[in-house]
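Listing of upload_31.csv, CSV, C-alpha atoms
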chain,number,residue,atom,x,y,z
E,25,MET,CA,186.2,128.9,108.2
E,26,THR,CA,182.5,129.1,107.3
E,27,GLN,CA,181.2,131.1,104.4
E,28,ASN,CA,179.9,133.8,106.8
E,29,ASP,CA,183.4,134.0,108.3
E,30,ARG,CA,185.0,134.4,104.9
E,31,ASP,CA,182.4,137.1,104.0
E,32,LEU,CA,183.2,139.0,107.2
E,33,ASP,CA,186.9,138.6,106.6
E,34,SER,CA,186.7,139.9,103.1
E,35,LEU,CA,184.4,142.8,104.2
E,36,VAL,CA,186.9,143.9,106.9
E,37,ARG,CA,189.9,143.7,104.5
E,38,GLY,CA,188.0,145.7,101.9
E,39,ARG,CA,187.0,148.2,104.6
E,40,ILE,CA,190.6,148.7,105.7
E,41,ARG,CA,191.7,149.4,102.1
E,42,ALA,CA,188.7,151.7,101.4
E,43,LEU,CA,189.4,153.7,104.6
E,44,ARG,CA,193.1,154.0,103.7
E,45,LEU,CA,192.3,155.2,100.2
E,46,ALA,CA,189.6,157.6,101.4
E,47,GLN,CA,192.3,159.3,103.5
E,48,GLY,CA,194.6,159.4,100.5
E,49,TRP,CA,197.2,157.3,102.2
E,50,SER,CA,199.6,154.9,100.6
E,51,LEU,CA,200.3,151.5,102.1
E,52,ASP,CA,203.5,153.0,103.6
E,53,GLU,CA,201.6,155.9,105.3
E,54,LEU,CA,199.0,153.7,107.0
E,55,ALA,CA,201.6,151.1,107.9
E,56,GLY,CA,203.7,153.8,109.6
E,57,ARG,CA,200.7,155.1,111.5
E,58,ALA,CA,199.7,151.6,112.6
E,59,LYS,CA,203.4,150.7,113.3
E,60,LEU,CA,203.2,147.7,110.9
E,61,SER,CA,205.5,146.9,108.0
E,62,GLN,CA,204.2,147.8,104.5
E,63,SER,CA,204.4,144.2,103.5
E,64,THR,CA,202.3,143.1,106.5
E,65,LEU,CA,199.6,145.7,105.7
E,66,SER,CA,199.6,144.7,102.1
E,67,ARG,CA,199.2,141.0,103.0
E,68,ILE,CA,196.3,141.9,105.4
E,69,GLU,CA,194.5,143.9,102.7
E,70,ASN,CA,195.1,141.1,100.1
E,71,GLY,CA,194.0,138.2,102.3
E,72,GLN,CA,197.4,136.7,102.5
E,73,ARG,CA,197.8,137.2,106.3
E,74,ARG,CA,195.4,136.2,109.1
E,75,LEU,CA,193.4,139.0,110.6
E,76,ALA,CA,194.6,139.2,114.2
E,77,LEU,CA,192.8,141.1,116.9
E,78,ASP,CA,195.9,143.1,117.9
E,79,SER,CA,196.4,144.2,114.3
E,80,LEU,CA,192.7,145.2,113.9
E,81,VAL,CA,192.8,147.3,117.0
E,82,THR,CA,196.0,149.1,115.8
E,83,LEU,CA,194.5,149.6,112.3
E,84,ALA,CA,191.2,150.9,113.7
E,85,ARG,CA,193.1,153.5,115.7
E,86,ALA,CA,195.3,154.5,112.8
E,87,LEU,CA,192.2,154.8,110.6
E,88,ASP,CA,190.5,157.0,113.2
E,89,THR,CA,187.6,154.5,113.7
E,90,THR,CA,186.6,151.9,116.2
E,91,LEU,CA,187.1,148.2,116.2
E,92,ASP,CA,183.3,147.8,116.3
E,93,GLN,CA,182.9,149.9,113.1
E,94,LEU,CA,185.7,148.1,111.4
E,95,VAL,CA,184.2,144.7,111.9
E,96,GLU,CA,180.5,145.4,111.9
E,97,THR,CA,178.5,143.3,109.4
E,98,ALA,CA,176.5,144.9,106.6
E,99,GLU,CA,172.9,145.6,107.4
E,100,ASP,CA,170.4,143.6,105.4
E,101,ASP,CA,167.9,146.5,105.2
E,102,VAL,CA,169.2,149.3,103.1
E,103,VAL,CA,166.0,150.8,102.0
E,104,SER,CA,163.2,151.7,104.4
E,105,SER,CA,159.7,152.9,103.8
E,106,PRO,CA,158.2,155.8,105.6
E,107,ILE,CA,155.6,155.6,108.3
E,108,ILE,CA,152.7,157.8,107.1
E,109,ASP,CA,150.8,160.0,109.5
E,110,ALA,CA,148.2,161.7,107.2
E,111,SER,CA,146.4,163.5,110.1
E,112,ARG,CA,149.6,165.5,110.7
E,113,GLY,CA,150.8,165.6,107.1
E,114,GLN,CA,154.0,163.7,108.1
E,115,LEU,CA,156.2,161.0,106.7
E,116,ARG,CA,158.6,159.6,109.3
E,117,TRP,CA,161.7,157.5,108.8
E,118,PRO,CA,163.6,155.8,111.6
E,119,ILE,CA,167.4,156.0,111.3
E,120,LYS,CA,168.8,152.5,111.7
E,121,ALA,CA,172.3,153.7,112.6
E,122,ASP,CA,171.0,155.3,115.7
E,123,PRO,CA,167.6,153.9,116.7
E,124,GLY,CA,167.0,157.0,118.9
E,125,MET,CA,167.0,159.3,115.9
E,126,THR,CA,164.0,160.0,113.7
E,127,VAL,CA,163.5,161.8,110.3
E,128,ILE,CA,160.2,163.5,109.7
E,129,ARG,CA,158.9,165.1,106.6
E,130,GLN,CA,156.2,167.6,107.5
E,131,ARG,CA,154.0,170.1,105.5
E,132,MET,CA,153.4,173.3,107.4
E,133,THR,CA,150.7,175.8,106.6
E,134,GLU,CA,150.5,177.9,109.9
E,135,PRO,CA,153.0,180.5,111.0
E,136,PRO,CA,154.9,179.9,114.2
E,137,PRO,CA,153.1,180.9,117.5
E,138,ASP,CA,153.2,184.7,118.1
E,139,SER,CA,153.5,184.3,121.9
E,140,PRO,CA,156.9,183.6,123.5
E,141,SER,CA,155.0,181.6,126.1
E,142,ARG,CA,154.2,179.0,123.4
E,143,LEU,CA,157.8,178.3,122.5
E,144,ARG,CA,159.0,175.0,123.9
E,145,ALA,CA,162.4,173.8,125.2
E,146,HIS,CA,163.6,170.3,126.1
E,147,PRO,CA,166.9,168.4,126.0
E,148,GLY,CA,168.2,167.3,122.6
E,149,ARG,CA,169.3,168.5,119.2
E,150,GLU,CA,167.3,169.1,116.0
E,151,TRP,CA,168.3,169.5,112.4
E,152,LEU,CA,166.0,170.6,109.6
E,153,VAL,CA,166.1,171.3,105.9
E,154,VAL,CA,163.4,173.2,104.0
E,155,LEU,CA,162.3,171.2,100.9
E,156,SER,CA,160.0,173.8,99.6
E,157,GLY,CA,158.6,177.2,100.6
E,158,THR,CA,159.8,179.3,103.4
E,159,ALA,CA,159.9,178.3,107.1
E,160,VAL,CA,160.3,180.6,110.1
E,161,LEU,CA,162.3,179.3,113.0
E,162,LEU,CA,162.0,181.0,116.3
E,163,LEU,CA,164.9,180.5,118.7
E,164,GLY,CA,164.4,182.4,122.0
E,165,ASN,CA,164.0,186.0,120.9
E,166,ARG,CA,165.6,185.5,117.5
E,167,ARG,CA,163.7,184.9,114.2
E,168,PHE,CA,165.2,183.1,111.3
E,169,ARG,CA,163.8,182.7,107.8
E,170,VAL,CA,164.9,179.4,106.3
E,171,GLU,CA,164.4,179.2,102.6
E,172,THR,CA,164.1,176.2,100.2
E,173,ASN,CA,167.3,174.1,100.4
E,174,GLN,CA,168.6,175.9,103.5
E,175,ALA,CA,169.2,174.0,106.7
E,176,ALA,CA,169.2,174.8,110.4
E,177,GLU,CA,170.6,173.0,113.4
E,178,PHE,CA,170.0,174.0,117.0
E,179,PRO,CA,170.0,172.6,120.6
E,180,THR,CA,166.4,172.2,121.6
E,181,MET,CA,167.1,173.6,125.1
E,182,LEU,CA,166.6,176.9,123.4
E,183,PRO,CA,162.9,177.9,123.4
E,184,HIS,CA,161.9,177.2,119.8
E,185,ALA,CA,159.0,176.9,117.3
E,186,ILE,CA,158.8,176.5,113.6
E,187,GLY,CA,156.1,177.4,111.1
E,188,ALA,CA,155.4,178.5,107.5
E,189,GLU,CA,155.7,182.0,106.0
E,190,GLY,CA,153.9,183.2,102.9
E,191,GLY,CA,152.2,179.8,102.2
E,192,PRO,CA,152.8,176.2,102.8
E,193,CYS,CA,156.3,174.8,103.3
E,194,GLU,CA,157.8,171.3,103.5
E,195,VAL,CA,160.4,170.6,106.1
E,196,LEU,CA,162.6,167.5,106.6
E,197,GLY,CA,163.5,167.3,110.3
E,198,ILE,CA,166.0,165.1,112.1
E,199,PHE,CA,165.5,164.6,115.8
E,200,ASP,CA,167.9,162.9,118.2
E,201,ARG,CA,166.5,160.7,120.9
E,202,ASP,CA,166.0,163.5,123.5
E,203,ALA,CA,164.5,165.9,120.9
E,204,ARG,CA,162.1,163.3,119.7
E,205,ARG,CA,161.0,162.6,123.3
E,206,GLY,CA,160.6,166.3,123.9
E,207,HIS,CA,158.2,166.5,120.9
E,208,GLN,CA,156.0,163.6,122.0
E,209,ARG,CA,152.6,164.3,123.6
E,210,PRO,CA,151.7,161.9,126.5
E,211,ASP,CA,148.3,161.4,124.9
E,212,ASP,CA,149.2,160.8,121.3
E,213,GLY,CA,151.0,157.4,121.5
E,214,GLY,CA,154.4,158.7,120.6
E,215,GLU,CA,153.5,160.7,117.5
E,216,GLN,CA,155.5,163.8,116.7
E,217,ARG,CA,154.2,167.3,117.0
E,218,ARG,CA,155.5,170.5,115.4
E,219,SER,CA,158.4,172.2,117.1
For the structure just supplied, provide its representation as C-alpha coordinates.
Amino acid sequence: MTQNDRDLDSLVRGRIRALRLAQGWSLDELAGRAKLSQSTLSRIENGQRRLALDSLVTLARALDTTLDQLVETAEDDVVSSPIIDASRGQLRWPIKADPGMTVIRQRMTEPPPDSPSRLRAHPGREWLVVLSGTAVLLLGNRRFRVETNQAAEFPTMLPHAIGAEGGPCEVLGIFDRDARRGHQRPDDGGEQRRS
(Lines of atoms letter the chains of each structure in order from A and count residues from 1; the text may use other names and numbers.)
(Lines give C-alpha, C1' and ligand atoms only; values in the text may rest on other atoms or scores of the structure.)
Protein backbone atom coordinates (compact mmCIF):
# COMPACT_ATOMS: atom_id res chain seq x y z
CA MET A 1 0.00 0.00 0.00
CA THR A 2 1.45 3.37 -1.04
CA GLN A 3 1.42 6.48 1.13
CA ASN A 4 -1.39 7.93 -1.03
CA ASP A 5 -3.42 4.74 -0.51
CA ARG A 6 -2.84 4.90 3.26
CA ASP A 7 -3.86 8.59 3.29
CA LEU A 8 -7.07 7.84 1.37
CA ASP A 9 -7.78 4.83 3.59
CA SER A 10 -7.38 6.98 6.71
CA LEU A 11 -9.51 9.77 5.19
CA VAL A 12 -12.38 7.39 4.39
CA ARG A 13 -12.29 5.80 7.86
CA GLY A 14 -12.29 9.21 9.51
CA ARG A 15 -15.12 10.35 7.26
CA ILE A 16 -17.26 7.32 8.21
CA ARG A 17 -16.72 8.03 11.90
CA ALA A 18 -17.34 11.79 11.50
CA LEU A 19 -20.57 11.22 9.54
CA ARG A 20 -21.77 8.73 12.16
CA LEU A 21 -21.05 11.15 15.00
CA ALA A 22 -22.64 14.05 13.11
CA GLN A 23 -25.87 12.02 12.99
CA GLY A 24 -25.55 11.35 16.72
CA TRP A 25 -25.42 7.59 16.12
CA SER A 26 -23.58 5.05 18.22
CA LEU A 27 -21.58 2.25 16.61
CA ASP A 28 -24.57 0.00 17.27
CA GLU A 29 -27.02 2.32 15.48
CA LEU A 30 -24.93 2.70 12.32
CA ALA A 31 -24.04 -1.00 12.32
CA GLY A 32 -27.77 -1.83 12.45
CA ARG A 33 -28.56 0.55 9.60
CA ALA A 34 -25.71 -0.88 7.51
CA LYS A 35 -26.50 -4.48 8.49
CA LEU A 36 -22.99 -4.98 9.88
CA SER A 37 -21.92 -6.14 13.32
CA GLN A 38 -20.81 -3.49 15.79
CA SER A 39 -17.37 -5.09 16.02
CA THR A 40 -16.99 -5.04 12.20
CA LEU A 41 -17.89 -1.36 12.08
CA SER A 42 -15.54 -0.59 14.97
CA ARG A 43 -12.68 -2.39 13.19
CA ILE A 44 -13.45 -0.50 9.95
CA GLU A 45 -13.35 2.85 11.74
CA ASN A 46 -10.15 1.94 13.65
CA GLY A 47 -8.25 0.60 10.65
CA GLN A 48 -8.20 -3.00 11.88
CA ARG A 49 -10.32 -4.29 9.00
CA ARG A 50 -9.77 -3.88 5.27
CA LEU A 51 -12.07 -1.43 3.50
CA ALA A 52 -14.10 -3.61 1.13
CA LEU A 53 -16.16 -2.12 -1.69
CA ASP A 54 -19.36 -3.90 -0.59
CA SER A 55 -18.99 -2.52 2.96
CA LEU A 56 -18.33 0.99 1.66
CA VAL A 57 -21.43 0.92 -0.55
CA THR A 58 -23.56 -0.28 2.37
CA LEU A 59 -22.07 2.32 4.73
CA ALA A 60 -22.54 5.13 2.20
CA ARG A 61 -26.24 4.27 1.90
CA ALA A 62 -26.65 4.00 5.66
CA LEU A 63 -24.95 7.39 6.10
CA ASP A 64 -27.19 8.95 3.44
CA THR A 65 -24.31 9.82 1.14
CA THR A 66 -22.83 8.41 -2.05
CA LEU A 67 -19.83 6.19 -2.50
CA ASP A 68 -18.18 8.97 -4.54
CA GLN A 69 -18.58 11.44 -1.68
CA LEU A 70 -17.37 8.91 0.85
CA VAL A 71 -14.11 8.20 -1.02
CA GLU A 72 -13.39 11.54 -2.73
CA THR A 73 -9.96 12.92 -2.01
CA ALA A 74 -9.43 16.26 -0.34
CA GLU A 75 -9.07 19.22 -2.69
CA ASP A 76 -5.71 20.92 -2.60
CA ASP A 77 -7.16 24.40 -3.18
CA VAL A 78 -9.14 25.44 -0.12
CA VAL A 79 -8.85 29.20 -0.50
CA SER A 80 -9.53 30.98 -3.78
CA SER A 81 -9.07 34.59 -4.75
CA PRO A 82 -11.82 36.57 -6.44
CA ILE A 83 -11.80 37.59 -10.06
CA ILE A 84 -12.11 41.38 -10.05
CA ASP A 85 -14.27 43.22 -12.59
CA ALA A 86 -13.83 46.88 -11.60
CA SER A 87 -15.88 48.15 -14.55
CA ARG A 88 -18.99 46.46 -13.12
CA GLY A 89 -18.07 46.79 -9.44
CA GLN A 90 -18.00 42.99 -9.07
CA LEU A 91 -15.91 40.40 -7.31
CA ARG A 92 -16.60 36.90 -8.61
CA TRP A 93 -15.71 33.55 -7.03
CA PRO A 94 -16.14 30.22 -8.84
CA ILE A 95 -17.49 27.43 -6.63
CA LYS A 96 -15.21 24.43 -6.92
CA ALA A 97 -17.79 21.88 -5.72
CA ASP A 98 -19.94 22.69 -8.73
CA PRO A 99 -18.02 24.34 -11.54
CA GLY A 100 -21.27 25.55 -13.02
CA MET A 101 -21.98 27.79 -10.03
CA THR A 102 -20.62 31.29 -9.55
CA VAL A 103 -20.58 33.70 -6.62
CA ILE A 104 -20.62 37.42 -7.40
CA ARG A 105 -20.27 40.38 -5.05
CA GLN A 106 -21.79 43.44 -6.65
CA ARG A 107 -22.27 47.05 -5.59
CA MET A 108 -25.52 48.49 -6.94
CA THR A 109 -26.44 52.16 -7.07
CA GLU A 110 -29.39 52.20 -9.49
CA PRO A 111 -32.97 51.18 -8.69
CA PRO A 112 -34.41 48.22 -10.59
CA PRO A 113 -35.98 49.02 -13.97
CA ASP A 114 -39.41 50.63 -13.75
CA SER A 115 -40.74 48.93 -16.86
CA PRO A 116 -42.00 45.31 -16.66
CA SER A 117 -40.69 44.81 -20.20
CA ARG A 118 -37.13 45.15 -18.84
CA LEU A 119 -37.50 42.21 -16.45
CA ARG A 120 -35.66 39.12 -17.65
CA ALA A 121 -36.42 35.41 -17.34
CA HIS A 122 -34.24 32.41 -18.13
CA PRO A 123 -33.70 28.87 -16.84
CA GLY A 124 -31.89 28.48 -13.54
CA ARG A 125 -31.94 29.42 -9.89
CA GLU A 126 -30.43 32.38 -8.07
CA TRP A 127 -29.64 33.09 -4.43
CA LEU A 128 -28.57 36.42 -2.99
CA VAL A 129 -27.74 37.96 0.36
CA VAL A 130 -27.59 41.72 0.95
CA LEU A 131 -24.29 42.62 2.61
CA SER A 132 -25.12 46.30 3.10
CA GLY A 133 -27.87 48.74 2.22
CA THR A 134 -31.28 47.79 0.86
CA ALA A 135 -31.93 45.94 -2.38
CA VAL A 136 -35.21 45.75 -4.26
CA LEU A 137 -36.01 42.46 -5.95
CA LEU A 138 -38.70 42.46 -8.61
CA LEU A 139 -40.23 39.05 -9.32
CA GLY A 140 -43.02 39.22 -11.87
CA ASN A 141 -45.51 41.73 -10.48
CA ARG A 142 -44.19 41.43 -6.90
CA ARG A 143 -41.68 43.76 -5.26
CA PHE A 144 -39.51 42.67 -2.33
CA ARG A 145 -37.29 44.83 -0.13
CA VAL A 146 -34.26 42.82 0.94
CA GLU A 147 -32.45 44.46 3.86
CA THR A 148 -28.88 43.97 5.10
CA ASN A 149 -28.27 40.34 6.15
CA GLN A 150 -31.50 39.14 4.54
CA ALA A 151 -31.40 36.62 1.71
CA ALA A 152 -33.62 35.71 -1.22
CA GLU A 153 -33.81 32.63 -3.42
CA PHE A 154 -35.87 32.29 -6.57
CA PRO A 155 -36.19 30.41 -9.85
CA THR A 156 -34.97 32.65 -12.65
CA MET A 157 -37.81 31.57 -14.93
CA LEU A 158 -39.78 34.26 -13.05
CA PRO A 159 -39.25 37.63 -14.76
CA HIS A 160 -36.86 39.40 -12.40
CA ALA A 161 -34.57 42.36 -11.77
CA ILE A 162 -32.67 43.70 -8.77
CA GLY A 163 -31.46 47.16 -7.84
CA ALA A 164 -30.70 49.47 -4.94
CA GLU A 165 -33.10 51.51 -2.84
CA GLY A 166 -32.21 54.66 -0.89
CA GLY A 167 -28.52 54.55 -1.76
CA PRO A 168 -25.91 51.99 -2.73
CA CYS A 169 -26.19 48.37 -1.66
CA GLU A 170 -23.82 45.41 -1.83
CA VAL A 171 -25.17 42.02 -2.78
CA LEU A 172 -23.58 38.58 -2.80
CA GLY A 173 -25.28 36.49 -5.48
CA ILE A 174 -24.96 32.79 -6.24
CA PHE A 175 -25.93 31.62 -9.70
CA ASP A 176 -26.33 28.03 -10.82
CA ARG A 177 -25.03 27.09 -14.28
CA ASP A 178 -28.27 27.98 -16.09
CA ALA A 179 -28.76 31.28 -14.24
CA ARG A 180 -25.19 32.32 -14.97
CA ARG A 181 -25.66 31.51 -18.65
CA GLY A 182 -28.87 33.57 -18.61
CA HIS A 183 -26.97 36.57 -17.25
CA GLN A 184 -24.24 36.49 -19.88
CA ARG A 185 -24.26 38.91 -22.77
CA PRO A 186 -23.12 37.51 -26.09
CA ASP A 187 -20.82 40.52 -26.56
CA ASP A 188 -19.16 40.68 -23.16
CA GLY A 189 -17.00 37.56 -23.16
CA GLY A 190 -18.99 35.80 -20.44
CA GLU A 191 -19.07 38.58 -17.88
CA GLN A 192 -22.05 38.79 -15.56
CA ARG A 193 -24.62 41.53 -15.76
CA ARG A 194 -27.15 42.66 -13.18
CA SER A 195 -30.34 40.65 -12.81
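Residue nearest Cys193 in chain E, chosen from E:Pro179, E:Pro147, E:Pro135, E:Gly164 and counting all atoms listed in the file: E:Pro135.
Here CA of Leu155 in chain E stands at a distance of 26.3 Å from CA of Pro140 in chain E.
Residue nearest Asp200 in chain E, chosen from E:Glu177, E:Glu171, E:Asp88, E:Glu150 and counting all atoms listed in the file: E:Glu150.
In this model, the gap between CA of Gln130 in chain E and CA of His146 in chain E comes to 20.2 Å.
Note that CA of Arg37 in chain E and CA of Ser63 in chain E are 14.5 Å apart.
Distances to Asp138 in chain E were evaluated for E:His184, E:Lys59, E:Arg30, E:Arg74 using all atoms listed in the file, and the minimum falls at E:His184.
For the set E:Leu77, E:Ala84, E:Val127, E:Leu94, the residue with the smallest atom-to-atom gap to Arg201 in chain E is E:Val127, counting all atoms listed in the file.
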(request) Starting from the point (192.5, 140.8, 111.6), work out which residues of protein, DNA or RNA have an atom no more than 12 Å away when counting only C-alpha atoms; state them as JSON, numbers by chain. (result) {"E": [29, 30, 32, 33, 34, 35, 36, 37, 38, 39, 40, 64, 65, 67, 68, 69, 70, 71, 72, 73, 74, 75, 76, 77, 78, 79, 80, 81, 82, 83, 84, 91, 94, 95]}
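With distances taken over all atoms listed in the file, E:Gly197 is the one residue among E:Pro183, E:Gly191, E:Gly197, E:Pro137 lying closest to Val154 in chain E.
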